[in-house]
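Here's start36.cif, which has mmCIF, C-alpha atoms and all ligand atoms:
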```cif
data_input
#
loop_
_atom_site.label_atom_id
_atom_site.label_comp_id
_atom_site.auth_asym_id
_atom_site.auth_seq_id
_atom_site.Cartn_x
_atom_site.Cartn_y
_atom_site.Cartn_z
CA MET H 794 149.55 10.02 30.89
CA ALA H 795 152.63 9.93 28.76
CA ILE H 796 155.95 8.24 28.21
CA LYS H 797 158.66 10.78 29.02
CA GLU H 798 162.26 10.90 27.97
CA VAL H 799 164.56 9.53 30.67
CA VAL H 800 167.27 12.01 31.72
CA LYS H 801 170.66 10.36 31.38
CA HIS H 802 173.75 10.98 33.49
CA PRO H 803 175.42 13.49 33.55
CA ALA H 804 172.64 16.05 34.12
CA LYS H 805 172.18 18.74 36.77
CA VAL H 806 168.62 17.66 37.62
CA LEU H 807 169.93 14.22 38.65
CA THR H 808 172.35 15.60 41.23
CA GLU H 809 170.17 18.13 43.04
CA LYS H 810 168.07 17.65 46.16
CA CYS H 811 164.42 17.56 45.05
CA GLU H 812 161.73 19.72 46.61
CA GLU H 813 158.97 18.43 48.87
CA VAL H 814 155.50 18.17 47.37
CA THR H 815 153.28 20.64 49.22
CA VAL H 816 149.92 19.90 47.57
CA ILE H 817 148.85 16.67 45.92
CA ASN H 818 146.97 18.02 42.94
CA GLU H 819 146.24 16.90 39.38
CA GLU H 820 149.81 17.66 38.34
CA ILE H 821 151.19 15.27 40.94
CA ILE H 822 148.71 12.56 39.93
CA ALA H 823 149.74 13.08 36.27
CA LEU H 824 153.40 12.91 37.34
CA LEU H 825 152.80 9.53 39.04
CA ASP H 826 151.08 8.24 35.90
CA ASP H 827 153.89 9.53 33.66
CA LEU H 828 156.47 7.84 35.90
CA TYR H 829 154.56 4.58 35.57
CA ASP H 830 154.27 4.77 31.78
CA THR H 831 157.94 5.67 31.43
CA MET H 832 159.11 2.92 33.80
CA VAL H 833 157.10 0.30 31.92
CA GLU H 834 158.28 1.56 28.52
CA TYR H 835 161.95 1.35 29.51
CA ASP H 836 161.57 -1.82 31.56
CA GLY H 837 162.72 -0.42 34.91
CA VAL H 838 161.77 -1.62 38.41
CA GLY H 839 161.63 1.91 39.74
CA ILE H 840 161.91 5.52 38.64
CA ALA H 841 162.14 8.90 40.36
CA ALA H 842 160.71 12.24 39.24
CA PRO H 843 164.11 13.89 38.55
CA GLN H 844 164.70 11.13 35.98
CA ILE H 845 161.93 12.67 33.90
CA ASN H 846 163.22 16.17 34.63
CA VAL H 847 160.83 17.01 37.49
CA PRO H 848 162.78 17.97 40.65
CA LEU H 849 160.10 16.89 43.17
CA ARG H 850 160.19 14.23 45.90
CA VAL H 851 158.11 11.66 44.03
CA ALA H 852 159.11 8.14 42.98
CA ILE H 853 157.59 4.75 42.21
CA VAL H 854 158.91 1.21 42.65
CA GLU H 855 157.66 -2.25 41.77
CA ILE H 856 157.60 -4.40 44.92
CA GLY H 857 156.54 -7.82 46.10
CA GLU H 858 155.90 -11.04 44.22
CA ASP H 859 153.07 -9.43 42.27
CA ARG H 860 155.24 -6.46 41.34
CA ASP H 861 152.72 -4.04 42.86
CA ILE H 862 153.38 -0.38 42.20
CA LEU H 863 154.40 1.54 45.30
CA GLU H 864 153.85 5.27 44.92
CA MET H 865 155.99 7.41 47.20
CA ILE H 866 155.37 11.13 47.67
CA ASN H 867 157.78 12.85 50.10
CA PRO H 868 159.22 9.54 51.32
CA THR H 869 161.50 9.44 54.37
CA VAL H 870 163.56 6.53 55.62
CA LEU H 871 162.61 5.76 59.24
CA GLU H 872 164.84 2.77 59.81
CA THR H 873 167.31 0.48 58.06
CA SER H 874 169.24 -2.61 59.10
CA GLY H 875 171.52 -5.25 57.68
CA ALA H 876 173.79 -5.00 54.67
CA GLU H 877 174.04 -6.92 51.45
CA VAL H 878 175.91 -6.51 48.16
CA ASP H 879 173.94 -7.08 44.97
CA ILE H 880 173.78 -5.93 41.37
CA GLU H 881 172.03 -2.67 40.46
CA GLY H 882 171.33 -0.73 37.33
CA CYS H 883 169.59 2.58 36.67
CA LEU H 884 167.53 3.93 33.77
CA SER H 885 169.72 7.06 33.79
CA PHE H 886 172.87 4.94 33.20
CA PRO H 887 172.28 2.72 30.17
CA ASN H 888 174.70 -0.23 30.13
CA LEU H 889 176.15 0.43 33.59
CA PHE H 890 175.58 -2.36 36.10
CA GLY H 891 177.53 -3.01 39.24
CA GLU H 892 177.59 -4.12 42.83
CA VAL H 893 176.21 -1.82 45.50
CA GLU H 894 175.93 -2.42 49.23
CA ARG H 895 172.50 -1.61 50.68
CA PRO H 896 170.59 -2.39 53.86
CA THR H 897 168.53 -5.61 53.75
CA TYR H 898 165.63 -3.99 55.59
CA VAL H 899 163.99 -0.59 55.33
CA LYS H 900 161.04 1.12 56.97
CA ILE H 901 159.74 4.21 55.23
CA GLU H 902 157.00 6.77 55.62
CA ALA H 903 155.47 8.40 52.55
CA CYS H 904 152.24 9.79 51.13
CA ASP H 905 150.08 8.05 48.54
CA ARG H 906 148.16 9.80 45.75
CA GLU H 907 145.14 10.27 48.04
CA GLY H 908 147.35 12.20 50.44
CA ARG H 909 147.29 9.43 53.03
CA VAL H 910 150.48 8.97 55.02
CA TYR H 911 151.57 5.34 55.20
CA GLU H 912 154.42 3.35 56.66
CA LEU H 913 155.93 0.43 54.81
CA GLU H 914 158.52 -2.20 55.64
CA ALA H 915 160.47 -3.97 52.91
CA GLY H 916 163.37 -6.37 52.65
CA GLY H 917 165.80 -7.76 50.10
CA PHE H 918 165.55 -6.45 46.56
CA ASP H 919 162.46 -4.36 47.41
CA ALA H 920 164.42 -2.52 50.11
CA ARG H 921 167.25 -2.02 47.62
CA ALA H 922 164.93 -0.60 44.95
CA ILE H 923 163.16 1.72 47.41
CA LEU H 924 166.47 3.08 48.75
CA HIS H 925 167.86 3.51 45.22
CA GLU H 926 164.83 5.66 44.28
CA ILE H 927 164.87 7.69 47.51
CA ASP H 928 168.59 8.37 46.86
CA HIS H 929 167.55 9.95 43.54
CA LEU H 930 165.40 12.47 45.44
CA ASP H 931 168.53 13.60 47.30
CA GLY H 932 170.57 13.82 44.10
CA VAL H 933 172.53 10.68 45.03
CA LEU H 934 173.29 8.37 42.10
CA PHE H 935 174.17 4.69 42.29
CA ASN H 936 177.47 5.17 40.45
CA SER H 937 178.78 6.94 43.57
CA LYS H 938 178.10 3.77 45.57
CA LEU H 939 179.46 1.19 43.15
CA ILE H 940 181.84 -1.28 44.73
CA ARG H 941 182.54 -3.02 41.43
CA VAL H 942 181.37 -2.46 37.86
CA LEU H 943 180.29 -5.54 35.91
CA THR H 944 182.48 -6.33 32.92
CA GLU H 945 181.06 -6.57 29.42
CA GLU H 946 181.48 -10.33 29.64
CA GLU H 947 179.47 -10.52 32.84
CA LEU H 948 176.81 -8.29 31.31
CA ALA H 949 176.55 -10.52 28.24
CA GLU H 950 176.23 -13.53 30.52
CA MET H 951 173.52 -11.81 32.57
CA TYR H 952 171.51 -10.94 29.46
CA GLY H 953 172.20 -14.38 27.99
CA GLU H 954 170.69 -16.07 31.03
CA GLU H 955 167.54 -14.02 30.74
CA GLU H 956 166.81 -15.16 27.21
ZN ZN H 1001 168.18 5.05 39.28
#
```
This structure in structure tokens:
Amino acid sequence: MAIKEVVKHPAKVLTEKCEEVTVINEEIIALLDDLYDTMVEYDGVGIAAPQINVPLRVAIVEIGEDRDILEMINPTVLETSGAEVDIEGCLSFPNLFGEVERPTYVKIEACDREGRVYELEAGGFDARAILHEIDHLDGVLFNSKLIRVLTEEELAEMYGEEE
């Protein structure tokens, strides 16, 4: 396990479609653990493998009230519905926050680290975070979906409220 450097925009690895994982071996388990350590270190709610320079379809997200870690290997979106605009940020874009429209509901299928295929339904911010990370695996970045960028004043206010 290790904290990796987060690849910042612009970078080629962030805009390419990632490859499917064919075998879940020790390297993939180590990748999941590295993603976790890196996400925690940089205080993200999700992170995708290309963000640590690994172009594979692997990502993790914190979901639910208990902020459980959802590990997604080869995730696919089965269904979405609704639409909602909310604020997003991304570890690959320090200091960029803005409004993005996303579905309010998502159903996905993915593999866990044991190689078991699971289906998962999520709503609200969890759905948003899951879709943001799956976008990364297709080389799609949130800046391409920004409806409005938060001003420095709004950012200061947002950080001010947190403290
Ligand atoms: Zn991101």
(Q) If the limit is 9 Å from any atom of ligand ZN 1001 (chain H), counting all atoms listed in the file, which residues qualify? Return them as a ChimeraX atom specification. (A) /H:837,839-841,844,881-886,922,925-926,928-929,934-935
Q. For Tyr835 of chain H, which residue among H:Glu798, H:Glu812, H:Glu894, H:Glu819 is the nearest when counting only C-alpha atoms?
A.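 Ranked by minimum distance to Tyr835 of chain H, first place goes to H:Glu798.
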Q. Within 12 Å of (154.6, 6.7, 47.8), in the coordinates the file gives, what residues turn up when you count all atoms listed in the file, written out as an MDAnalysis selection string?
A. chainID H and resid 814 817 821:822 825 839:842 850:856 861:870 901:913 923 926:927
Output of the above residues as a PDB file, in the coordinates of the input, restricted to C-alpha atoms:
```pdb
ATOM      1  CA  VAL H 814     155.500  18.170  47.370  1.00  0.00           C
ATOM      2  CA  ILE H 817     148.850  16.670  45.920  1.00  0.00           C
ATOM      3  CA  ILE H 821     151.190  15.270  40.940  1.00  0.00           C
ATOM      4  CA  ILE H 822     148.710  12.560  39.930  1.00  0.00           C
ATOM      5  CA  LEU H 825     152.800   9.530  39.040  1.00  0.00           C
ATOM      6  CA  GLY H 839     161.630   1.910  39.740  1.00  0.00           C
ATOM      7  CA  ILE H 840     161.910   5.520  38.640  1.00  0.00           C
ATOM      8  CA  ALA H 841     162.140   8.900  40.360  1.00  0.00           C
ATOM      9  CA  ALA H 842     160.710  12.240  39.240  1.00  0.00           C
ATOM     10  CA  ARG H 850     160.190  14.230  45.900  1.00  0.00           C
ATOM     11  CA  VAL H 851     158.110  11.660  44.030  1.00  0.00           C
ATOM     12  CA  ALA H 852     159.110   8.140  42.980  1.00  0.00           C
ATOM     13  CA  ILE H 853     157.590   4.750  42.210  1.00  0.00           C
ATOM     14  CA  VAL H 854     158.910   1.210  42.650  1.00  0.00           C
ATOM     15  CA  GLU H 855     157.660  -2.250  41.770  1.00  0.00           C
ATOM     16  CA  ILE H 856     157.600  -4.400  44.920  1.00  0.00           C
ATOM     17  CA  ASP H 861     152.720  -4.040  42.860  1.00  0.00           C
ATOM     18  CA  ILE H 862     153.380  -0.380  42.200  1.00  0.00           C
ATOM     19  CA  LEU H 863     154.400   1.540  45.300  1.00  0.00           C
ATOM     20  CA  GLU H 864     153.850   5.270  44.920  1.00  0.00           C
ATOM     21  CA  MET H 865     155.990   7.410  47.200  1.00  0.00           C
ATOM     22  CA  ILE H 866     155.370  11.130  47.670  1.00  0.00           C
ATOM     23  CA  ASN H 867     157.780  12.850  50.100  1.00  0.00           C
ATOM     24  CA  PRO H 868     159.220   9.540  51.320  1.00  0.00           C
ATOM     25  CA  THR H 869     161.500   9.440  54.370  1.00  0.00           C
ATOM     26  CA  VAL H 870     163.560   6.530  55.620  1.00  0.00           C
ATOM     27  CA  ILE H 901     159.740   4.210  55.230  1.00  0.00           C
ATOM     28  CA  GLU H 902     157.000   6.770  55.620  1.00  0.00           C
ATOM     29  CA  ALA H 903     155.470   8.400  52.550  1.00  0.00           C
ATOM     30  CA  CYS H 904     152.240   9.790  51.130  1.00  0.00           C
ATOM     31  CA  ASP H 905     150.080   8.050  48.540  1.00  0.00           C
ATOM     32  CA  ARG H 906     148.160   9.800  45.750  1.00  0.00           C
ATOM     33  CA  GLU H 907     145.140  10.270  48.040  1.00  0.00           C
ATOM     34  CA  GLY H 908     147.350  12.200  50.440  1.00  0.00           C
ATOM     35  CA  ARG H 909     147.290   9.430  53.030  1.00  0.00           C
ATOM     36  CA  VAL H 910     150.480   8.970  55.020  1.00  0.00           C
ATOM     37  CA  TYR H 911     151.570   5.340  55.200  1.00  0.00           C
ATOM     38  CA  GLU H 912     154.420   3.350  56.660  1.00  0.00           C
ATOM     39  CA  LEU H 913     155.930   0.430  54.810  1.00  0.00           C
ATOM     40  CA  ILE H 923     163.160   1.720  47.410  1.00  0.00           C
ATOM     41  CA  GLU H 926     164.830   5.660  44.280  1.00  0.00           C
ATOM     42  CA  ILE H 927     164.870   7.690  47.510  1.00  0.00           C
TER      43      ILE H 927
END
```
Q | Minimum-distance residue to Arg941 of chain H, chosen among H:Ala823, H:Leu924, H:Ile796, H:Val893 (using only C-alpha atoms) | A |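 Nearest candidate to Arg941 of chain H out of H:Ala823, H:Leu924, H:Ile796, H:Val893: H:Val893.
Nearest-residue note for Glu892 of chain H: choosing from H:Val878, H:Val838, H:Val799, H:Met794, the minimum distance belongs to H:Val878, counting only C-alpha atoms.
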Q: For atom CA of Gly857 of chain H and atom CA of Asp919 of chain H, quote the distance in Å rounded to one decimal.
A: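 Between atom CA of Gly857 of chain H and atom CA of Asp919 of chain H the gap works out to 7.0 Å.
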